[in-house]
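One structure is given below, encoded as structure tokens.
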Amino acid sequence: MSDDRLSAKNISPLQTLADISHVITGSHDAVETLFHTAEMIAERLLVDACSIYVYDSEEEKLVLRATYGLNSESVGQVQMKPSEGLIGLVLETSEPVQVAEMQEHPRFKSFPQTDEDLYRSFLGVPLIQHRKAFGVLGMHTIESRTFTKEEEHMLVTIASQISGMISKALLIERLKESPHTEVPPAVNARISGVPVAAGVALGQAVLLQENVLEEPEKNTLLTPEEELATFAQVFEKTTIETLELIDKVSNFLGADEAAIFHAHLMFLEDHGFQGKIEKYILGGASAAWSIFQVIQEYLRAFEAIDDPYLRERGTDLKDMGFRLMHNLGYGQVSLVNQDGILVTKQLLPADVAQFDSEKIKGIVTSAGGAASHAAILARSRFIPAICISEEAIETIHEGDTLAVDGEHGYMVINPGNEVLTGFQQLLLQQKEYLSYLDGYREKKCQTVDGHRIHVLANIGLVSETYGVHNFGAEGIGLYRSEIFFLSLDHYPSVEEQVEVYSKIVESVDEHQMVVFRTLDIGADKCAPYMGVVQEENPFLGNRAIREQMGNPEILKKQIKAILIAASRRQSDHKGRKNVSLIYPMISHLNEIRFCNRLFSECRKELQEEGVEVPGMAIGMMFEIPAAVIMVESFISEIDFLSIGSNDLTQYILAVDRNNPHVAHLYDPLHPSVLNMIKILIECANRHNKPIELCGEMAADPDGCIILIGMGLRYLSMAASLIPVVKERLSFITLKEAEELAEKALQASSAEQVRNLVATFFKFYSSKTTA
């Protein structure tokens with residue numbers, strides 16, 4: 001090829017990804033998917049060869065699974081250890097490797113059957129799923145070549161986006177026949193776990209994506225031709241629905257979540273899958289029975305796979321199969337009409353959108369702890385929840401009666417009469433308590449001795465402003481702007497942002513504060529149009545301000561939109577002076593100074609355009625230990641402080657709160673976290689600057705006591721939990737809270753801190769009832 005064969009400036013990675021996605025969804029089986037992917041990448045990136053290698057964990061070898069350019073007869077024949085060759089080097093390091101003269105590299109190993117000796121240059125990038133490399137995407141050119149950083153970055157981006165689709169394509173080849181053994185249901189079985197959200201629940205188990213269907217009638221009055229026509233119609237309808245799901249989930253959640261539906265399409269288009277169904281129909285069976293039978297055969301095959309991750313991915317097939325059945329008039333696809341206790345290994349945002357919180361009475365998960373997304377959701381909706389082991393969750397069957405105690409962290413499967421009666425009594429008490437809490441919605445939040453505490457709401461959507469008024473919030477302490485960005489398929493214009501931000505500002509009274517947080521986007525939460533490169537640890541990666549410093553126009557547009565929104569809806573046309581701005585993920589002084597310079601530029605440009613820009617307080621999120629330690633250096637750069645307790649706790653304790661193996665170690669009342677927060681409070685007081693705390697800790701019945709005792713007066717939380725905090729603080733004096741906080745700062749564990757609060761309220765209760 002000529003030297004102009006590849007120019008990163010002339011090739012759109014997003015268009016290339018879209019074309020590859022289209023090719024994948026049009027493939028009929030796993031092998032075809034891999035070959036088409038390699039061919040499309042080679043053609044679009046204008047290289048002479050592109051190959052896909054997959055790591056076989058059982059054989060501990062990399063296997064050539066598809067190629068465009070190398071000898072196709074070597075596919076499946078070429079195998080190597082991770083310690084061999086340049087391909088092995090990419091897998092070992094999980095980093096891109098490029099060599100202009102690959103035969104001269106010490107790790108080069110020749111595999112003559114591939115004919116790769118014809119090529120001179122090499123660029124390989126890892127295929128990564130769940131932070132672990134499972135394969136390698138390799139490119140060759142005949143001429144010696146050094147790929148530019150832009151070209152390397154482009155291939156890394158493509159690899160990160162197609163990894164999920166490729167890994168799911170490989171599942172089809174893992175299907176093996178195996179007998180299915182039913183496990184008898186447990187009776188009166190108590191399972192201990194981790195408390196996630198307080199309260200008790202009683203109901204039937206609703207397994208997420210575990211819908212149970214009765215076997216349809218096999219016999220039919222229709223001819224095979226008519227049944228085949230029925231199958232074709234259902235097939236087309238399900239395909240269209242799946243494409244719509246891909247579009248919807250891509251826009252709202254991102255490409256990673258949407259990739260699961262690409263796997264659904266691959267099952268639908270698989271010739272073997274269709275052929276089995278058509279064979280049953282031609283044999284005289286109904287279309288419904290034929291689909292049901294083939295789905296069951298495939299599911300039994302999935303259950304026989306040893307790899308737990310691959311076995312779990314059988315839910316892709318089940319979800320797609322039940323969608324087919326639903327379109328024939330059988331069963332349900334979602335949880336919308338389900339009533340009971342939700343049981344799932346991990347509750348994701350897409351799952352949350354499906355169920356009715358009035359009908360789901362409890363949640364049981366096996367991933368995440370008290371600070372997981374499932375926990376946050378459960379507490380904000382007053383839904384009792386616990387986290388149990390993955391082995392324990394496997395013992396729960398659809399329809400089992402479950403009694404869940406979210407406060408003490410245990411559940412009983414199919415409880416006996418005595419346990420059942422006890423839980424029914426607790427449910428009555430719980431109903432009375434929730435009714436009692438309603439009385440605190442309109443009350444001011446204050447201690448027994450009259451010290452005012454300001455309780456604010458955390459929101460991410462315009463629709464959530466309803467809860468600000470409904471639960472008695474005194475304003476919006478945190479608006480997470482990234483949720484709006486994630487709902488789009490493009491970066492919003494200034495005008496689009498102004499429209500949304502104005503609704504947020506106008507949703508509260510003019511004397512109430514509104515705090516906007518600028519875009520907090522990283523590899524863990526991003527939309528496809530953002531072009532964010534997947535990272536091994538996105539929580540420590542190129543996110544929020546770090547990313548925006550390389551693309552300041554995005555931040556400038558957002559700052560301008562917030563300033564314009566704040567300048568509106570004021571009777572005297574002077575703007576809303578109670579609108580504030582905070583920057584997330586700040587760890588270095590140059591970052592906040594960069595933000596402040598950008599803010600000044602935006603103000604000046606808007607004023608030159610004739611916009612009457614109101615005064616606006618500028619703050620930063622203290623969620624990184626480095627920023628806390630250097631708070632004296634930051635304090636002169638900002639007008640107020642905002643503590644992001646969720647991430648601060650995570651970084652201080654080095655605990656991923658969504659990792660089931662260590663989630664029990666996450667507790668914001670750990671003395672190390674409390675002492676860090678104390679540093680911030682004391683600094684704010686010395687410099688007479690406001691300070692607020694946003695996070696789950698603010699709504700923690702124990703945490704809110706310690707926080708006001710340490711000196712905080714502004715707490716921002718999920719709106720629905722505000723009555724809980726108001727009620728809790730109404731039973732303690734400020735002096736008592738200060739005494740508890742002093743002891744908590746000297747404690748040796750979070751458990752000891754919680755015991756201090758529990759002992760106080762136990763003593764208080766006995767004193768008031770005496």
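To be explicit about the labels: the chains of the structure tokens are called A, B, and onward in the order shown, and within each one the residues are counted from 1, while ligands get numbers from 1 in the order they are shown.
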Q) If you run DSSP on the backbone, which residues of range 58-151 of chain A are helix (DSSP H, G or I), as number ranges by chain? A) A: 72-74, 85-93, 102-104, 112-114, 116-118, 149-151
(Q) Need to verify the contact set: Pro106 in chain A, 12 Å, only C-alpha atoms, exclusion of same-chain residues closer than 5 positions in sequence. Can you return it as a ChimeraX atom specification? (A) /A:83-86,89,99,101
Q) So which bits of range 52-167 of chain A end up strand (DSSP E) when you DSSP the backbone, as an NGL selection string? A) :A and (52-56 or 61-68 or 79-80 or 97-99 or 121-129 or 132-141)
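For the pair CA of Gly550 in chain A and CA of Cys602 in chain A, the interatomic distance is 17.3 Å.
Contact shell of Gln548 in chain A at 10 Å (only C-alpha atoms; same-chain neighbours under 5 positions omitted): A:Leu519, A:Asp520, A:Ile521, A:Asn542, A:Arg543, A:Glu553, A:Ile554, A:Leu555, A:Lys556, A:Cys595.
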Quick one: write out the picked residues with C-alpha atoms as a tab-separated table (two decimals), in the first residue's frame?
```tsv
chain	number	residue	atom	x	y	z
A	519	LEU	CA	-19.67	17.05	33.87
A	520	ASP	CA	-18.24	14.03	35.71
A	521	ILE	CA	-17.61	11.55	32.90
A	542	ASN	CA	-8.88	10.26	32.83
A	543	ARG	CA	-12.24	11.51	34.11
A	553	GLU	CA	-14.80	23.72	24.83
A	554	ILE	CA	-17.16	21.17	26.39
A	555	LEU	CA	-16.68	22.70	29.84
A	556	LYS	CA	-16.94	26.25	28.48
A	595	CYS	CA	-11.45	25.98	35.86
```
